[in-house]
Amino acid sequence: MASDMIGEAPASPGTLVSAVTVVAPGTPGARLVILGKQGAGKGTQAVRLSRHYVVPHIATGDTFRAAIRSGSEFGILAKRYLDAGELVPDEVVIGVVKERLTHPDASHRGFVLDGFPRTVGQAEALETILEPLNLDLVISLEVPTAAVLTRLASRRVCSSCGANYSVPDNPPKVPGICDVCGGDVVQRDDDTEAAIRRRLELYERETAPLVSWYSQRSLLATIDGTGPLDEVTDRIVTEIDRRKLGAV
Ligand SMILES: [Zn+2]
């Protein structure tokens, strides 16, 4: 419902729309960052936002793989660290993202960045890359830890074919046996409650400075990530469009 209303919102003439050549007229782009802990539905909402605004979804993992495949300057560097099992240093991460952001799709219409930036240093680098433009909004998708724990702790995966199940909602027909291939359906080692809690705490620690950095710049929107996917998407889009129109 809300997305229909937003679709009809008057395109602000002379701003983003003027750069659009191949997308339906009146479809505004957007420059977005999405933050959210594991299990908050960040990836799902990032895909939905990328469709809504017709901008690329730039997920860090995919971007790294693509950069390595393409043999770009920073792709080659990144591969060296990954092959050695070492942490990829910030300047290489930033370089890979910068290469991606200069592709015409992203530079013309915008992007949904998912997994970058992770640190204030990366956020500062992103600001420099985008100059003289800026982000439209940073979305922090908030889901209570208890809800995330329940969601993640219920995940099961087939150890042979990778099919996904969840214990209460979508279990295999025969407990422990994959419907698809008959393999063992198990809980991943890193999906135990203790492991999930550790990851969530790490996320909070790492992300808190980033959240306050963006908040100080009035770029942060905290969005309730609970409830049906469509409702969450509507909340995010409503907030993005409100900010974008307000900024004109
Ligand atoms: Zn299977």
# chains A, B, ... in the order shown; residues from 1 in each chain; ligands from 1
$ residues_near_ligand --ligand "ligand 1" --cutoff "10 Å" --atoms "only C-alpha atoms and all ligand atoms" --output "list in words"
Val157, Cys158, Ser159, Ser160, Cys161, Gly162, Ala163, Asn164, Pro172, Ile177, Cys178, Asp179, Val180, Cys181, Gly182, Gly183, Asp184 and Val185 of chain A
$ select_by_dssp --residues "stretch 2-248 of chain A" --states "helix (DSSP H, G or I)" --output "PyMOL selection string"
chain A and resi 2-7+16-19+42-53+60-70+73-83+90-101+104-109+120-130+145-153+189-191+193-216+229-247
$ select_by_dssp --residues "stretch 26-152 of chain A" --states "strand (DSSP E)" --output "ChimeraX atom specification"
/A:30-36,57-59,110-114,137-142
$ atom_distance --atom1 "atom CA of A:Val167" --atom2 "atom CA of A:Leu152"
10.3 Å
$ residues_around --residues "stretch 211-225 of chain A" --least-positions-apart "3" --cutoff "10 Å" --atoms "only C-alpha atoms" --output "ChimeraX atom specification"
/A:32-36,40-42,45,118-120,123-124,134-144,204,206-208,228-229,231-233,235-236,239-240,243
$ atom_distance --atom1 "atom CA of A:Thr145" --atom2 "atom CA of A:His52"
28.1 Å
$ closest_residue --among "A:Val186, A:Val174, A:Leu210, A:Ile68" --to "A:Tyr81" --atoms "only C-alpha atoms"
A:Ile68
$ closest_residue --among "A:Val93, A:Val55, A:Ala153, A:Val148" --to "A:Glu73" --atoms "only C-alpha atoms"
A:Val93
$ closest_residue --among "A:Ala146, A:Pro117, A:Pro168, A:Lys173" --to "A:Pro209" --atoms "only C-alpha atoms"
A:Pro117
$ residues_around --residues "A:Leu130" --least-positions-apart "4" --cutoff "10 Å" --atoms "only C-alpha atoms" --output "ChimeraX atom specification"
/A:31,98,101-102,107,125-126,134-135
$ write_last_selection --atoms "N, CA and C atoms" --output "PDB file, in the first residue's frame"
ATOM      1  N   ARG A  31      21.135   6.595  -2.779  1.00  0.00           N
ATOM      2  CA  ARG A  31      22.459   6.177  -2.294  1.00  0.00           C
ATOM      3  C   ARG A  31      22.309   5.786  -0.828  1.00  0.00           C
ATOM      4  N   LYS A  98      35.407   1.159  -3.919  1.00  0.00           N
ATOM      5  CA  LYS A  98      35.511   2.345  -4.772  1.00  0.00           C
ATOM      6  C   LYS A  98      35.442   1.957  -6.258  1.00  0.00           C
ATOM      7  N   LEU A 101      31.859   1.310  -7.058  1.00  0.00           N
ATOM      8  CA  LEU A 101      31.002   2.500  -7.060  1.00  0.00           C
ATOM      9  C   LEU A 101      31.217   3.371  -8.286  1.00  0.00           C
ATOM     10  N   THR A 102      32.341   3.179  -8.974  1.00  0.00           N
ATOM     11  CA  THR A 102      32.579   3.983 -10.171  1.00  0.00           C
ATOM     12  C   THR A 102      31.960   3.348 -11.419  1.00  0.00           C
ATOM     13  N   SER A 107      27.262   4.891 -10.253  1.00  0.00           N
ATOM     14  CA  SER A 107      27.597   6.314 -10.254  1.00  0.00           C
ATOM     15  C   SER A 107      26.437   7.148 -10.804  1.00  0.00           C
ATOM     16  N   ALA A 125      36.151   7.234   4.368  1.00  0.00           N
ATOM     17  CA  ALA A 125      36.620   6.986   2.996  1.00  0.00           C
ATOM     18  C   ALA A 125      35.452   7.032   2.021  1.00  0.00           C
ATOM     19  N   LEU A 126      34.318   6.471   2.416  1.00  0.00           N
ATOM     20  CA  LEU A 126      33.136   6.474   1.550  1.00  0.00           C
ATOM     21  C   LEU A 126      32.677   7.905   1.282  1.00  0.00           C
ATOM     22  N   ASN A 134      26.546  12.862  -1.503  1.00  0.00           N
ATOM     23  CA  ASN A 134      26.599  12.241  -0.188  1.00  0.00           C
ATOM     24  C   ASN A 134      25.589  11.099  -0.177  1.00  0.00           C
ATOM     25  N   LEU A 135      25.601  10.314   0.878  1.00  0.00           N
ATOM     26  CA  LEU A 135      24.571   9.294   1.038  1.00  0.00           C
ATOM     27  C   LEU A 135      23.224   9.970   1.216  1.00  0.00           C
TER      28      LEU A 135
END
$ atom_distance --atom1 "atom CA of A:Phe74" --atom2 "atom CA of A:Arg109"
23.3 Å
$ decode --residues "stretch 177-216 of chain A" --atoms "N, CA and C atoms" --output "compact mmCIF listing (two decimals), in the first residue's frame"
# COMPACT_ATOMS: atom_id res chain seq x y z
N ILE A 177 16.53 -35.74 8.23
CA ILE A 177 16.83 -36.25 6.88
C ILE A 177 16.37 -35.22 5.84
N CYS A 178 17.26 -34.92 4.90
CA CYS A 178 16.96 -33.92 3.88
C CYS A 178 15.88 -34.40 2.91
N ASP A 179 14.86 -33.57 2.68
CA ASP A 179 13.80 -33.90 1.72
C ASP A 179 14.36 -34.03 0.31
N VAL A 180 15.37 -33.23 0.01
CA VAL A 180 15.87 -33.15 -1.36
C VAL A 180 16.77 -34.33 -1.70
N CYS A 181 17.73 -34.61 -0.81
CA CYS A 181 18.76 -35.58 -1.18
C CYS A 181 18.95 -36.71 -0.16
N GLY A 182 18.21 -36.67 0.94
CA GLY A 182 18.36 -37.73 1.93
C GLY A 182 19.57 -37.58 2.84
N GLY A 183 20.30 -36.46 2.69
CA GLY A 183 21.48 -36.21 3.53
C GLY A 183 21.09 -35.85 4.97
N ASP A 184 22.10 -35.70 5.80
CA ASP A 184 21.87 -35.34 7.21
C ASP A 184 21.55 -33.86 7.34
N VAL A 185 20.45 -33.56 8.03
CA VAL A 185 20.10 -32.17 8.30
C VAL A 185 20.61 -31.82 9.70
N VAL A 186 21.47 -30.82 9.76
CA VAL A 186 22.15 -30.52 11.02
C VAL A 186 22.08 -29.03 11.34
N GLN A 187 22.41 -28.73 12.59
CA GLN A 187 22.60 -27.33 12.97
C GLN A 187 24.06 -26.99 12.74
N ARG A 188 24.31 -25.87 12.07
CA ARG A 188 25.70 -25.48 11.85
C ARG A 188 26.37 -25.17 13.18
N ASP A 189 27.66 -25.48 13.25
CA ASP A 189 28.40 -25.24 14.49
C ASP A 189 28.28 -23.79 14.96
N ASP A 190 28.25 -22.86 13.99
CA ASP A 190 28.23 -21.46 14.40
C ASP A 190 26.81 -20.93 14.58
N ASP A 191 25.82 -21.83 14.59
CA ASP A 191 24.44 -21.41 14.85
C ASP A 191 23.97 -21.79 16.26
N THR A 192 24.87 -22.21 17.11
CA THR A 192 24.46 -22.48 18.49
C THR A 192 24.23 -21.14 19.18
N GLU A 193 23.41 -21.18 20.23
CA GLU A 193 23.05 -19.92 20.89
C GLU A 193 24.28 -19.16 21.38
N ALA A 194 25.23 -19.87 21.96
CA ALA A 194 26.42 -19.19 22.48
C ALA A 194 27.21 -18.51 21.36
N ALA A 195 27.34 -19.22 20.24
CA ALA A 195 28.09 -18.66 19.11
C ALA A 195 27.36 -17.46 18.52
N ILE A 196 26.04 -17.57 18.44
CA ILE A 196 25.25 -16.45 17.90
C ILE A 196 25.39 -15.23 18.81
N ARG A 197 25.28 -15.46 20.11
CA ARG A 197 25.42 -14.34 21.07
C ARG A 197 26.75 -13.65 20.90
N ARG A 198 27.81 -14.45 20.74
CA ARG A 198 29.15 -13.85 20.55
C ARG A 198 29.18 -12.98 19.30
N ARG A 199 28.61 -13.49 18.23
CA ARG A 199 28.61 -12.70 16.98
C ARG A 199 27.80 -11.42 17.13
N LEU A 200 26.67 -11.50 17.83
CA LEU A 200 25.82 -10.32 18.00
C LEU A 200 26.53 -9.27 18.85
N GLU A 201 27.21 -9.73 19.89
CA GLU A 201 27.95 -8.79 20.76
C GLU A 201 29.07 -8.12 19.98
N LEU A 202 29.77 -8.91 19.18
CA LEU A 202 30.83 -8.37 18.35
C LEU A 202 30.28 -7.31 17.40
N TYR A 203 29.12 -7.63 16.82
CA TYR A 203 28.50 -6.68 15.89
C TYR A 203 28.19 -5.36 16.59
N GLU A 204 27.60 -5.45 17.77
CA GLU A 204 27.23 -4.24 18.51
C GLU A 204 28.48 -3.40 18.80
N ARG A 205 29.53 -4.10 19.22
CA ARG A 205 30.77 -3.39 19.56
C ARG A 205 31.36 -2.69 18.35
N GLU A 206 31.37 -3.43 17.24
CA GLU A 206 31.98 -2.88 16.03
C GLU A 206 31.14 -1.76 15.42
N THR A 207 29.83 -1.91 15.51
CA THR A 207 28.95 -1.02 14.77
C THR A 207 28.56 0.23 15.54
N ALA A 208 28.59 0.15 16.87
CA ALA A 208 28.15 1.30 17.68
C ALA A 208 28.83 2.61 17.27
N PRO A 209 30.16 2.63 17.09
CA PRO A 209 30.79 3.91 16.70
C PRO A 209 30.31 4.40 15.33
N LEU A 210 30.05 3.47 14.43
CA LEU A 210 29.59 3.82 13.09
C LEU A 210 28.18 4.44 13.16
N VAL A 211 27.35 3.81 13.98
CA VAL A 211 25.98 4.30 14.14
C VAL A 211 25.99 5.72 14.70
N SER A 212 26.83 5.98 15.70
CA SER A 212 26.82 7.33 16.27
C SER A 212 27.47 8.33 15.31
N TRP A 213 28.44 7.87 14.53
CA TRP A 213 29.07 8.75 13.54
C TRP A 213 28.04 9.23 12.53
N TYR A 214 27.23 8.30 12.02
CA TYR A 214 26.21 8.67 11.03
C TYR A 214 25.07 9.46 11.68
N SER A 215 24.80 9.13 12.93
CA SER A 215 23.75 9.85 13.64
C SER A 215 24.13 11.33 13.80
N GLN A 216 25.39 11.58 14.12
CA GLN A 216 25.87 12.97 14.26
C GLN A 216 25.73 13.74 12.95
